[in-house]
file protein-v4.pdb (PDB, C-alpha atoms)
ATOM      1  CA  MET D   7      13.586  93.832 -48.972
ATOM      2  CA  THR D   8      13.342  90.279 -47.667
ATOM      3  CA  PRO D   9      14.347  86.858 -49.094
ATOM      4  CA  PHE D  10      11.817  85.561 -51.633
ATOM      5  CA  VAL D  11      12.418  81.927 -50.623
ATOM      6  CA  LYS D  12      12.913  80.016 -47.425
ATOM      7  CA  TRP D  13      16.257  78.210 -47.614
ATOM      8  CA  ALA D  14      17.925  75.594 -45.431
ATOM      9  CA  GLY D  15      20.566  77.310 -43.317
ATOM     10  CA  GLY D  16      19.207  80.786 -44.074
ATOM     11  CA  LYS D  17      21.008  83.486 -42.110
ATOM     12  CA  GLY D  18      18.007  85.601 -41.112
ATOM     13  CA  GLN D  19      18.547  85.175 -37.375
ATOM     14  CA  LEU D  20      22.323  85.799 -37.603
ATOM     15  CA  VAL D  21      22.295  88.779 -39.940
ATOM     16  CA  GLU D  22      22.804  91.459 -37.297
ATOM     17  CA  ARG D  23      25.626  89.518 -35.638
ATOM     18  CA  ILE D  24      27.385  88.958 -38.969
ATOM     19  CA  LYS D  25      26.986  92.629 -39.890
ATOM     20  CA  GLU D  26      28.708  93.568 -36.623
ATOM     21  CA  LEU D  27      31.676  91.393 -37.609
ATOM     22  CA  MET D  28      31.986  92.683 -41.176
ATOM     23  CA  PRO D  29      34.719  95.174 -42.114
ATOM     24  CA  GLU D  30      33.616  98.798 -41.987
ATOM     25  CA  HIS D  31      34.861  99.405 -45.517
ATOM     26  CA  TYR D  32      35.344  96.989 -48.414
ATOM     27  CA  ASN D  33      35.218  97.045 -52.202
ATOM     28  CA  ARG D  34      33.152  94.367 -53.968
ATOM     29  CA  TYR D  35      30.754  92.010 -52.147
ATOM     30  CA  TYR D  36      30.875  88.289 -53.040
ATOM     31  CA  GLU D  37      28.535  85.529 -51.876
ATOM     32  CA  PRO D  38      29.296  82.156 -53.553
ATOM     33  CA  PHE D  39      26.435  80.270 -51.808
ATOM     34  CA  ILE D  40      23.639  82.829 -52.041
ATOM     35  CA  GLY D  41      20.652  80.751 -50.881
ATOM     36  CA  GLY D  42      17.925  83.118 -49.712
ATOM     37  CA  GLY D  43      20.337  86.061 -49.596
ATOM     38  CA  ALA D  44      19.447  87.389 -46.136
ATOM     39  CA  LEU D  45      22.813  89.071 -45.561
ATOM     40  CA  LEU D  46      22.981  90.458 -49.092
ATOM     41  CA  LEU D  47      19.603  92.124 -48.650
ATOM     42  CA  ALA D  48      20.509  93.453 -45.219
ATOM     43  CA  VAL D  49      23.784  94.970 -46.433
ATOM     44  CA  GLN D  50      22.613  95.983 -49.941
ATOM     45  CA  PRO D  51      26.073  96.505 -51.473
ATOM     46  CA  LYS D  52      26.411  98.846 -54.434
ATOM     47  CA  ASP D  53      28.716  96.419 -56.232
ATOM     48  CA  GLY D  54      28.225  92.700 -55.713
ATOM     49  CA  CYS D  55      28.496  89.234 -57.200
ATOM     50  CA  ILE D  56      26.291  86.349 -56.097
ATOM     51  CA  ASN D  57      26.455  82.683 -57.074
ATOM     52  CA  ASP D  58      24.933  79.295 -56.390
ATOM     53  CA  ILE D  59      25.256  75.874 -57.992
ATOM     54  CA  ASN D  60      21.463  75.438 -57.858
ATOM     55  CA  GLU D  61      20.284  76.409 -61.360
ATOM     56  CA  SER D  62      16.649  76.802 -60.324
ATOM     57  CA  LEU D  63      17.548  79.223 -57.552
ATOM     58  CA  ILE D  64      19.806  81.290 -59.801
ATOM     59  CA  ASN D  65      17.183  81.272 -62.541
ATOM     60  CA  ALA D  66      14.719  82.751 -60.037
ATOM     61  CA  TYR D  67      17.155  85.552 -59.139
ATOM     62  CA  ARG D  68      17.690  86.332 -62.823
ATOM     63  CA  VAL D  69      13.963  86.326 -63.589
ATOM     64  CA  ILE D  70      13.304  88.648 -60.642
ATOM     65  CA  ARG D  71      15.952  90.994 -62.024
ATOM     66  CA  ASP D  72      14.886  90.804 -65.680
ATOM     67  CA  ASP D  73      11.160  90.027 -65.693
ATOM     68  CA  PRO D  74       9.547  90.954 -62.351
ATOM     69  CA  GLU D  75       6.114  91.712 -63.807
ATOM     70  CA  GLY D  76       6.033  88.458 -65.755
ATOM     71  CA  LEU D  77       6.968  86.553 -62.610
ATOM     72  CA  ILE D  78       4.318  88.299 -60.502
ATOM     73  CA  SER D  79       1.706  87.522 -63.148
ATOM     74  CA  ALA D  80       2.769  83.858 -63.445
ATOM     75  CA  ILE D  81       2.671  83.282 -59.680
ATOM     76  CA  GLY D  82      -0.680  85.057 -59.547
ATOM     77  CA  ALA D  83      -2.036  82.596 -62.112
ATOM     78  CA  LEU D  84      -0.731  79.628 -60.095
ATOM     79  CA  SER D  85      -2.369  81.031 -56.968
ATOM     80  CA  GLN D  86      -5.870  81.396 -58.430
ATOM     81  CA  VAL D  87      -6.850  77.938 -57.179
ATOM     82  CA  ALA D  88      -6.494  76.542 -53.657
ATOM     83  CA  CYS D  89      -3.224  74.668 -53.189
ATOM     84  CA  THR D  90      -4.626  71.207 -52.498
ATOM     85  CA  ARG D  91      -2.445  68.103 -52.522
ATOM     86  CA  MET D  92      -3.569  67.399 -56.090
ATOM     87  CA  VAL D  93      -2.748  70.915 -57.274
ATOM     88  CA  TYR D  94       0.615  70.905 -55.500
ATOM     89  CA  THR D  95       1.528  67.544 -57.037
ATOM     90  CA  ALA D  96       0.557  68.745 -60.521
ATOM     91  CA  TYR D  97       2.667  71.892 -60.147
ATOM     92  CA  ARG D  98       5.605  69.842 -58.849
ATOM     93  CA  GLU D  99       5.394  67.540 -61.871
ATOM     94  CA  ALA D 100       5.248  70.523 -64.225
ATOM     95  CA  TYR D 101       8.280  72.054 -62.529
ATOM     96  CA  ASN D 102      10.282  68.819 -62.712
ATOM     97  CA  GLN D 103       9.450  68.465 -66.393
ATOM     98  CA  LEU D 104      10.752  71.972 -67.139
ATOM     99  CA  VAL D 105      13.941  71.371 -65.161
ATOM    100  CA  GLY D 106      14.402  67.955 -66.757
ATOM    101  CA  GLU D 107      14.293  69.641 -70.156
ATOM    102  CA  GLY D 108      16.785  72.279 -69.011
ATOM    103  CA  ASN D 109      14.084  74.889 -69.554
ATOM    104  CA  TYR D 110      14.824  77.690 -67.085
ATOM    105  CA  ASN D 111      12.470  80.594 -67.703
ATOM    106  CA  THR D 112       9.866  82.772 -65.988
ATOM    107  CA  ASN D 113       7.390  79.895 -65.617
ATOM    108  CA  THR D 114      10.082  77.701 -64.072
ATOM    109  CA  ALA D 115      10.908  80.457 -61.593
ATOM    110  CA  ALA D 116       7.229  80.940 -60.740
ATOM    111  CA  LEU D 117       6.770  77.226 -60.032
ATOM    112  CA  PHE D 118      10.025  77.132 -58.057
ATOM    113  CA  ILE D 119       8.930  79.973 -55.781
ATOM    114  CA  PHE D 120       5.356  78.685 -55.448
ATOM    115  CA  LEU D 121       6.551  75.207 -54.474
ATOM    116  CA  ASN D 122       9.014  76.666 -51.975
ATOM    117  CA  LYS D 123       6.179  78.481 -50.210
ATOM    118  CA  HIS D 124       3.801  75.504 -50.226
ATOM    119  CA  CYS D 125       6.116  72.566 -49.544
ATOM    120  CA  PHE D 126       6.999  71.076 -46.182
ATOM    121  CA  ASN D 127       9.202  73.467 -44.165
ATOM    122  CA  GLY D 128      10.273  75.388 -47.265
ATOM    123  CA  LEU D 129      12.853  72.687 -47.911
ATOM    124  CA  TYR D 130      14.561  72.230 -51.281
ATOM    125  CA  ARG D 131      15.500  68.590 -51.839
ATOM    126  CA  VAL D 132      15.868  66.468 -54.951
ATOM    127  CA  ASN D 133      16.090  62.746 -55.571
ATOM    128  CA  SER D 134      18.876  60.876 -57.388
ATOM    129  CA  ARG D 135      17.360  61.930 -60.738
ATOM    130  CA  GLY D 136      17.472  65.580 -59.764
ATOM    131  CA  GLU D 137      13.684  65.802 -59.305
ATOM    132  CA  PHE D 138      12.262  68.030 -56.601
ATOM    133  CA  ASN D 139      10.445  65.670 -54.223
ATOM    134  CA  VAL D 140       9.494  67.619 -51.096
ATOM    135  CA  PRO D 141       5.864  66.922 -50.053
ATOM    136  CA  TRP D 142       3.031  69.448 -49.681
ATOM    137  CA  ASN D 143       2.755  71.367 -46.385
ATOM    138  CA  ASN D 144      -0.979  70.549 -46.011
ATOM    139  CA  LYS D 145      -1.994  74.220 -46.267
ATOM    140  CA  GLU D 146      -4.361  75.246 -49.054
ATOM    141  CA  THR D 147      -3.814  78.993 -48.586
ATOM    142  CA  GLY D 148      -0.881  81.313 -48.008
ATOM    143  CA  ALA D 149       0.811  84.047 -50.044
ATOM    144  CA  SER D 150       3.604  82.933 -52.347
ATOM    145  CA  ILE D 151       5.168  86.368 -52.878
ATOM    146  CA  SER D 152       4.891  90.040 -52.041
ATOM    147  CA  PRO D 153       4.702  91.849 -55.399
ATOM    148  CA  GLY D 154       6.207  94.971 -53.841
ATOM    149  CA  ASN D 155       9.149  92.995 -52.507
ATOM    150  CA  ILE D 156       9.753  91.390 -55.919
ATOM    151  CA  ARG D 157       9.793  94.810 -57.583
ATOM    152  CA  GLU D 158      12.262  96.208 -55.032
ATOM    153  CA  LEU D 159      14.466  93.122 -55.411
ATOM    154  CA  SER D 160      14.403  93.584 -59.176
ATOM    155  CA  LYS D 161      15.694  97.156 -58.903
ATOM    156  CA  PHE D 162      18.424  96.153 -56.463
ATOM    157  CA  LEU D 163      19.610  93.145 -58.501
ATOM    158  CA  LYS D 164      20.196  95.331 -61.572
ATOM    159  CA  ASP D 165      23.596  96.226 -60.052
ATOM    160  CA  ILE D 166      24.465  92.687 -58.903
ATOM    161  CA  GLU D 167      26.310  90.160 -61.072
ATOM    162  CA  ILE D 168      24.578  86.774 -60.907
ATOM    163  CA  ARG D 169      26.630  83.638 -61.548
ATOM    164  CA  CYS D 170      25.788  79.922 -61.486
ATOM    165  CA  GLY D 171      28.574  77.446 -60.821
ATOM    166  CA  ASP D 172      31.240  76.171 -58.474
ATOM    167  CA  PHE D 173      32.122  78.304 -55.455
ATOM    168  CA  GLU D 174      35.803  78.581 -56.458
ATOM    169  CA  GLU D 175      34.880  79.958 -59.881
ATOM    170  CA  ALA D 176      32.500  82.413 -58.234
ATOM    171  CA  VAL D 177      35.363  84.255 -56.494
ATOM    172  CA  LYS D 178      38.137  83.757 -59.050
ATOM    173  CA  ASP D 179      38.376  87.526 -59.618
ATOM    174  CA  ALA D 180      38.075  88.594 -55.949
ATOM    175  CA  LYS D 181      40.840  91.044 -55.066
ATOM    176  CA  ALA D 182      42.423  92.603 -52.013
ATOM    177  CA  GLY D 183      39.863  94.678 -50.163
ATOM    178  CA  ASP D 184      36.864  92.696 -51.430
ATOM    179  CA  PHE D 185      34.492  90.994 -48.969
ATOM    180  CA  VAL D 186      33.516  87.324 -49.331
ATOM    181  CA  PHE D 187      30.754  85.677 -47.298
ATOM    182  CA  PHE D 188      30.641  81.865 -47.330
ATOM    183  CA  ASP D 189      27.355  80.315 -46.220
ATOM    184  CA  SER D 190      28.062  76.837 -47.591
ATOM    185  CA  PRO D 191      26.072  73.656 -46.982
ATOM    186  CA  TYR D 192      26.862  72.862 -43.366
ATOM    187  CA  ALA D 193      29.146  70.115 -42.142
ATOM    188  CA  PRO D 194      27.070  67.415 -40.387
ATOM    189  CA  LEU D 195      27.004  67.345 -36.617
ATOM    190  CA  LYS D 196      28.183  63.732 -36.870
ATOM    191  CA  ARG D 197      31.145  63.274 -39.185
ATOM    192  CA  ASP D 198      29.863  60.032 -40.717
ATOM    193  CA  THR D 199      26.498  61.458 -41.848
ATOM    194  CA  PHE D 200      27.389  63.760 -44.730
ATOM    195  CA  GLU D 201      24.335  64.507 -46.848
ATOM    196  CA  SER D 202      22.995  67.326 -48.988
ATOM    197  CA  TYR D 203      19.763  69.053 -49.950
ATOM    198  CA  THR D 204      20.742  68.827 -53.618
ATOM    199  CA  LYS D 205      22.069  66.157 -55.946
ATOM    200  CA  ASN D 206      25.470  67.872 -55.759
ATOM    201  CA  LYS D 207      26.833  66.322 -52.572
ATOM    202  CA  PHE D 208      28.907  68.632 -50.370
ATOM    203  CA  SER D 209      31.316  66.094 -48.902
ATOM    204  CA  GLU D 210      34.086  66.418 -46.341
ATOM    205  CA  GLN D 211      36.450  66.851 -49.285
ATOM    206  CA  GLU D 212      34.374  69.845 -50.429
ATOM    207  CA  HIS D 213      34.612  71.380 -46.958
ATOM    208  CA  ARG D 214      38.375  70.953 -47.086
ATOM    209  CA  ARG D 215      38.448  72.560 -50.550
ATOM    210  CA  LEU D 216      36.418  75.464 -49.199
ATOM    211  CA  ALA D 217      38.806  75.922 -46.264
ATOM    212  CA  SER D 218      41.709  75.927 -48.725
ATOM    213  CA  LEU D 219      39.969  78.631 -50.756
ATOM    214  CA  PHE D 220      39.391  80.611 -47.549
ATOM    215  CA  ARG D 221      43.180  80.520 -46.951
ATOM    216  CA  GLU D 222      43.905  81.509 -50.557
ATOM    217  CA  LEU D 223      41.548  84.497 -50.378
ATOM    218  CA  THR D 224      43.132  85.501 -47.079
ATOM    219  CA  GLU D 225      46.529  85.559 -48.815
ATOM    220  CA  ARG D 226      45.012  87.690 -51.603
ATOM    221  CA  GLY D 227      43.974  90.255 -49.003
ATOM    222  CA  CYS D 228      40.210  89.601 -49.105
ATOM    223  CA  PHE D 229      38.030  90.013 -46.048
ATOM    224  CA  CYS D 230      36.359  86.611 -45.493
ATOM    225  CA  VAL D 231      33.547  85.484 -43.202
ATOM    226  CA  ALA D 232      32.135  81.944 -43.087
ATOM    227  CA  THR D 233      29.365  80.274 -41.100
ATOM    228  CA  ASN D 234      29.006  76.600 -40.216
ATOM    229  CA  HIS D 235      27.988  74.108 -37.571
ATOM    230  CA  ASP D 236      30.194  74.071 -34.495
ATOM    231  CA  THR D 237      31.929  70.746 -35.118
ATOM    232  CA  GLU D 238      35.364  69.223 -34.613
ATOM    233  CA  LEU D 239      35.969  69.214 -38.373
ATOM    234  CA  VAL D 240      35.084  72.887 -38.805
ATOM    235  CA  ARG D 241      37.270  73.949 -35.874
ATOM    236  CA  GLU D 242      40.126  71.874 -37.292
ATOM    237  CA  LEU D 243      39.815  73.463 -40.744
ATOM    238  CA  TYR D 244      39.626  77.067 -39.487
ATOM    239  CA  GLN D 245      41.745  76.897 -36.319
ATOM    240  CA  ARG D 246      44.030  79.743 -37.423
ATOM    241  CA  TYR D 247      41.132  82.238 -37.674
ATOM    242  CA  ASP D 248      38.827  84.083 -35.315
ATOM    243  CA  ILE D 249      35.913  81.759 -34.427
ATOM    244  CA  GLN D 250      32.851  83.066 -32.611
ATOM    245  CA  THR D 251      30.133  80.773 -31.247
ATOM    246  CA  VAL D 252      26.431  81.613 -31.569
ATOM    247  CA  ALA D 253      23.225  79.870 -30.494
ATOM    248  CA  VAL D 254      20.644  79.309 -33.259
ATOM    249  CA  ARG D 255      17.195  77.885 -33.926
ATOM    250  CA  ARG D 256      16.954  75.314 -36.733
ATOM    251  CA  SER D 257      13.442  75.457 -38.161
ATOM    252  CA  ILE D 258      14.169  72.939 -40.932
ATOM    253  CA  ASN D 259      14.545  70.016 -38.531
ATOM    254  CA  SER D 260      11.345  67.953 -38.286
ATOM    255  CA  ASP D 261      12.172  67.070 -34.656
ATOM    256  CA  ALA D 262      11.257  70.112 -32.532
ATOM    257  CA  GLU D 263      13.722  69.079 -29.824
ATOM    258  CA  LYS D 264      16.590  69.399 -32.317
ATOM    259  CA  ARG D 265      15.668  72.890 -33.497
ATOM    260  CA  THR D 266      18.257  74.604 -31.319
ATOM    261  CA  GLY D 267      22.000  74.317 -31.636
ATOM    262  CA  THR D 268      25.370  76.023 -31.871
ATOM    263  CA  GLU D 269      26.985  77.494 -34.954
ATOM    264  CA  VAL D 270      30.199  79.385 -35.587
ATOM    265  CA  ILE D 271      31.049  82.563 -37.433
ATOM    266  CA  ILE D 272      34.610  82.499 -38.777
ATOM    267  CA  ARG D 273      36.532  85.511 -40.016
ATOM    268  CA  ASN D 274      40.083  86.167 -41.206
ATOM    269  CA  PHE D 275      40.523  89.739 -39.952
TER     270      PHE D 275
END
call {"tool": "encode", "arguments": {"input": "protein-v4.pdb", "output": "structure tokens"}}
result
Amino acid sequence: MTPFVKWAGGKGQLVERIKELMPEHYNRYYEPFIGGGALLLAVQPKDGCINDINESLINAYRVIRDDPEGLISAIGALSQVACTRMVYTAYREAYNQLVGEGNYNTNTAALFIFLNKHCFNGLYRVNSRGEFNVPWNNKETGASISPGNIRELSKFLKDIEIRCGDFEEAVKDAKAGDFVFFDSPYAPLKRDTFESYTKNKFSEQEHRRLASLFRELTERGCFCVATNHDTELVRELYQRYDIQTVAVRRSINSDAEKRTGTEVIIRNF
């Protein structure tokens, strides 16, 4: 199984390193910022709980779990015509209308996944009104999904609890011996440039709240791992824990010269 969307900060290239740092044995798996779910799919826990504040993303996970054939059919219908700029724009408008109405269903999920595969760099970004506004990637062809992968994901997700909300609420029932992986929106490389890919800004205050939760879960006896940019703020917030530095490629950045950098993997055990 592989992620069905490309997501900013996806952990595909760090999965094996993170797996090496995970505890050998743990109880329930929690991931409060699921994104594309690369680690989840690599580990494939028998008992897990995933969460994200992005309703469209969580809707897509739920539709994959509950209506895989309907989703495959809907994306197939969207893919019957070449994805020109005009077609892409029409689909984006249809998607934004559904989201604006709070209508999260199979068609919404199909449009969400299609747009992710045909937008610039697979980026998910919304404007101040919450409307998806990423431009077309200038490619008229390209597969949006692998039906076989969607079906396998559907089977796997049957045993995973899917939540949509704040990251603190997502782990409120985590207990000693459970494993929690935090792949939050990253702290900016420059402290005065906080920004977000969604309308829900992840500010410095949010990073401090996350670090506080990390400490609380540590006191509960949970195994915790977090990833982030290697910045002064992050090292300040997690100075009491084990911090490992890793080199990464950043494919989201439009400037090719800035597509390499340093990140950290933080753990409390």
call {"tool": "closest_atom_pairs", "arguments": {"input": "protein-v4.pdb", "of": "stretch 46-163 of chain D", "to": "stretch 27-37 of chain D", "cutoff": "7 Å", "atoms": "only C-alpha atoms", "output": "JSON lines"}}
result
{"residue": "D:Pro51", "atom": "CA", "partner": "D:Tyr35", "partner_atom": "CA", "distance": 6.5}
{"residue": "D:Asp53", "atom": "CA", "partner": "D:Arg34", "partner_atom": "CA", "distance": 5.4}
{"residue": "D:Gly54", "atom": "CA", "partner": "D:Tyr35", "partner_atom": "CA", "distance": 4.4}
{"residue": "D:Cys55", "atom": "CA", "partner": "D:Tyr36", "partner_atom": "CA", "distance": 4.9}
{"residue": "D:Ile56", "atom": "CA", "partner": "D:Glu37", "partner_atom": "CA", "distance": 4.9}
{"residue": "D:Asn57", "atom": "CA", "partner": "D:Glu37", "partner_atom": "CA", "distance": 6.3}
call {"tool": "residues_around", "arguments": {"input": "protein-v4.pdb", "residues": "D:Ile24", "least_positions_apart": "5", "cutoff": "12 Å", "atoms": "all atoms listed in the file", "output": "ChimeraX atom specification"}}
result
/D:17-19,29,44-46,48-49,187-189,230-233,250-252,270-273
call {"tool": "resolve_selection", "arguments": {"input": "protein-v4.pdb", "expression": "the PyMOL selection byres ((chain D and resi 95) around 12)", "output": "ChimeraX atom specification"}}
result
/D:89-94,96-102,117,120-121,124-125,138-144
call {"tool": "atom_distance", "arguments": {"input": "protein-v4.pdb", "atom1": "atom CA of D:Tyr192", "atom2": "atom CA of D:Gly15"}}
result
7.7 Å
call {"tool": "atom_distance", "arguments": {"input": "protein-v4.pdb", "atom1": "atom CA of D:Phe185", "atom2": "atom CA of D:Glu22"}}
result
16.5 Å
call {"tool": "resolve_selection", "arguments": {"input": "protein-v4.pdb", "expression": "the PyMOL selection byres ((chain D and resi 162) around 12)", "output": "PyMOL selection string"}}
result
chain D and resi 7-8+46-54+67-68+70-72+74+155-161+163-167
call {"tool": "atom_distance", "arguments": {"input": "protein-v4.pdb", "atom1": "atom CA of D:Ser62", "atom2": "atom CA of D:Lys181"}}
result
28.6 Å
call {"tool": "resolve_selection", "arguments": {"input": "protein-v4.pdb", "expression": "the PyMOL selection byres ((chain D and resi 226) around 9)", "output": "VMD selection string"}}
result
chain D and resid 180 to 183 221 to 225 227 to 228
call {"tool": "write_last_selection", "arguments": {"input": "protein-v4.pdb", "atoms": "C-alpha atoms", "output": "short mmCIF file (atom, residue, chain, number, x, y, z; two decimals), in the frame of the given file"}}
result
data_model
loop_
_atom_site.label_atom_id
_atom_site.label_comp_id
_atom_site.auth_asym_id
_atom_site.auth_seq_id
_atom_site.Cartn_x
_atom_site.Cartn_y
_atom_site.Cartn_z
CA ALA D 180 38.08 88.59 -55.95
CA LYS D 181 40.84 91.04 -55.07
CA ALA D 182 42.42 92.60 -52.01
CA GLY D 183 39.86 94.68 -50.16
CA ARG D 221 43.18 80.52 -46.95
CA GLU D 222 43.90 81.51 -50.56
CA LEU D 223 41.55 84.50 -50.38
CA THR D 224 43.13 85.50 -47.08
CA GLU D 225 46.53 85.56 -48.82
CA GLY D 227 43.97 90.26 -49.00
CA CYS D 228 40.21 89.60 -49.10
#
call {"tool": "axis_aligned_box", "arguments": {"input": "protein-v4.pdb", "around": "stretch 145-161 of chain D", "padding_each_side": "6 Å", "output": "AutoDock Vina command-line options"}}
result
--center_x 5.7 --center_y 85.7 --center_z -52.7 --size_x 32.1 --size_y 34.9 --size_z 24.9
